[in-house]
Amino acid sequence: MSIMRKRVSALFFLLILTLIYNYIWVARTVFQRISFVSKSIKIYDRFDFPDIPNITLVESVLGLQNPGVNGSALVVDVEKLPKEEAERFRRSSKEREYSSYTSSLIPLQRSLPDIRLKGCHTLYTDFNLPETGVIIIFHNEHWSVLLRTIHSIMDNTPPHLIKEIILVDDASTDEVLKEPLEKYVSRFRKVQILRVESREGLIRARMMGFEQSTAPVAVFMDAHCECFPGWLEPLVTRIAENDTIITTPLIHGVNPWDFGIDLTKDIQLQWVSFPELRFAWMRVPQREKLRRKRPTDTYRSPAMVGCVFAVSQRWFRKLGQFDPGLEVWGAENTELSLKTWMCGGGLELVPCSNVGHMFHPHKHYDTNPPFFSRNIARIANVWMDSYNIFARNHDGTLADIGDVSNRVKLRQDLHCHSFEWYLANVSPESYIVGDGIYTGEMRNVGLRTFCIDDAYGSKRLESPIALLSCHGKLGNQLWDYTELREIKNYMFCFQEATRPVAIAICDEDQMSQKWRYDPSADGHGPVVSASGLCLSVDTTQMILITETCNNTDIQLWQWGKRREPRTWKLE
Ligand code: UDP
Ligand code: MN
């Protein structure tokens, strides 16, 4: 009897203990949540920031409930704001390249839905994955945006996978990013801040963070990202299988004005666009669709955006990290993409990994600052063999690209493939202006002195295609015949329509944009559409049309040949 009673009281005691523990845990979590918000507000109070809302006031005026929850947008109704707040709102969007005012109204810890593809949950259950060091560099990033990045990592990653988070402050001038930031992140044992004295630019700042990191895998991340549940495991798993593969997540756009996150999961790969040498989005090519077996398989991508990627410490070091001669911003993603492929590794997009990145409108995108031209010229001169001419032409002032001899030596020491190999094997869809299988002017044999001309500028999409006197200066009269059987001038392609041929944004899947040109030995031939009609000219209007093939000279075209088609085989 007494034994029984003892057991009952022991059980009762245990129950009480569990209840107390749960109570403390809940209370602590609630307190932490409140204190995150209140502390951030307090810090704002100490500084007179023009773009920070009076949160309590605005919350009640706008009737905010769970703003930004699950990655939703917060559209601030400016009309409802008191005058002073409306002014702050406007100023915040003007001064930054995003609405930091809106961001401040969204909790630093906001939930993101689990949008993993079916099959991802069970695929990544290995507990022995290598640890990562996450390297986040920033230059005057807004407090709320930067901290949301950190919280999202903390909240959506198994702790054992993160060894450290290294923040590299690239000489920010915002006061709140100094001592207040240190205080705030002191709650996270794993977060360190590295201060850079004078601005180094993102390339060298990332390398400084990398040097500080001691983890076998490095994750480079911009300071305006949000990680979804389960984002890291798939990236690291692929590296654990093969440490020469650089992995990238599926990137979801975070809207810079309302902070809504695009939750769609359409896969777009990236390639290096010419002549700018920036990343450009591309559809998954047919050959890659055939190679992959399951929806959760990784995609081989010719290039990457660069805002989030994971790389093994060993491989990044072996590849010579980034070219330290690159300044401020840009083209480092191109360099690393080319290097990893050409020197025996790879680059893969892992569809089970989802990360949001705020694409903010870039003032320096549009103006092509000198450092950017110089950066791409350095890369082109080291990695692109004879194709470097395209980078040189981009800007007339490329004389001084600095010393690249040790980068050339690196390429030799690593016995890397040629750029032609990269084009043929990794990025056969690459389109390089003036480098088509056939290229140059398309001269009509019947009309002799007339060439096809993309004459209508901004009205080109609504207009027929003109024939004008051949001027020999290429430009509007430059046409490339590509591996995808398109006829192309930059991003515009011939598209078969009824009679007049249209010009449209190139689309690999459009059969009406496919053409065949097989000239005879004397360099003339018909251009035949997918439906079997021939390119011809309506000579009254001097526009390009398609009609039944009839072997007349008006249906023959003279076009320069440049090179053999690139063929690729499936592995
Ligand atoms: N950055 C930096 N120093 C610079 C320029 C940029 O530390 O001189 C940081 C910036 O704060 C961001 C990252 O580098 O975290 C990438 O820059 P950005 O997002 O402007 O490039 P994008 O993603 O738009 O190409
Ligand atoms: Mn970015």
# chains A, B, ... in the order shown; residues from 1 in each chain; ligands from 1
call {"tool": "residues_near_ligand", "arguments": {"ligand": "ligand 1", "cutoff": "7 Å", "atoms": "only C-alpha atoms and all ligand atoms", "output": "JSON, numbers by chain"}}
result
{"A": [136, 137, 138, 139, 140, 141, 169, 170, 199, 200, 201, 202, 205, 222, 223, 224, 307, 328, 329, 330, 359, 360, 362]}
call {"tool": "residues_around", "arguments": {"residues": "Asn128 of chain A", "least_positions_apart": "4", "cutoff": "12 Å", "atoms": "only C-alpha atoms", "output": "PyMOL selection string"}}
result
chain A and resi 124+158+160-161+233+236-237+240-241
call {"tool": "closest_residue", "arguments": {"among": "A:Tyr98, A:Phe13, A:Phe419, A:Trp515", "to": "ligand 2", "atoms": "only C-alpha atoms and all ligand atoms"}}
result
A:Tyr98
call {"tool": "residues_around", "arguments": {"residues": "Asp77 of chain A", "least_positions_apart": "4", "cutoff": "12 Å", "atoms": "only C-alpha atoms", "output": "PyMOL selection string"}}
result
chain A and resi 58-59+61-64+81-82+85-86+89-90+102+258
call {"tool": "residues_around", "arguments": {"residues": "Thr482 of chain A", "least_positions_apart": "6", "cutoff": "8 Å", "atoms": "only C-alpha atoms", "output": "VMD selection string"}}
result
chain A and resid 431 436 to 438 488
call {"tool": "write_last_selection", "arguments": {"atoms": "N, CA, C and O atoms", "output": "PDB file, in the first residue's frame"}}
result
ATOM      1  N   TYR A 431      23.681  33.072 -75.346  1.00  0.00           N
ATOM      2  CA  TYR A 431      23.597  33.851 -76.572  1.00  0.00           C
ATOM      3  C   TYR A 431      24.586  34.994 -76.480  1.00  0.00           C
ATOM      4  O   TYR A 431      24.496  35.836 -75.593  1.00  0.00           O
ATOM      5  N   GLY A 436      26.562  34.060 -83.411  1.00  0.00           N
ATOM      6  CA  GLY A 436      25.637  33.015 -83.843  1.00  0.00           C
ATOM      7  C   GLY A 436      26.329  32.021 -84.761  1.00  0.00           C
ATOM      8  O   GLY A 436      27.453  32.252 -85.214  1.00  0.00           O
ATOM      9  N   ILE A 437      25.636  30.921 -85.053  1.00  0.00           N
ATOM     10  CA  ILE A 437      26.162  29.946 -86.019  1.00  0.00           C
ATOM     11  C   ILE A 437      26.252  30.669 -87.369  1.00  0.00           C
ATOM     12  O   ILE A 437      27.250  30.582 -88.072  1.00  0.00           O
ATOM     13  N   TYR A 438      25.209  31.398 -87.711  1.00  0.00           N
ATOM     14  CA  TYR A 438      25.261  32.374 -88.800  1.00  0.00           C
ATOM     15  C   TYR A 438      25.100  33.728 -88.146  1.00  0.00           C
ATOM     16  O   TYR A 438      24.344  33.867 -87.186  1.00  0.00           O
ATOM     17  N   LYS A 488      17.898  36.133 -84.097  1.00  0.00           N
ATOM     18  CA  LYS A 488      17.886  36.947 -82.893  1.00  0.00           C
ATOM     19  C   LYS A 488      18.716  38.225 -83.029  1.00  0.00           C
ATOM     20  O   LYS A 488      19.804  38.201 -83.622  1.00  0.00           O
TER      21      LYS A 488
END
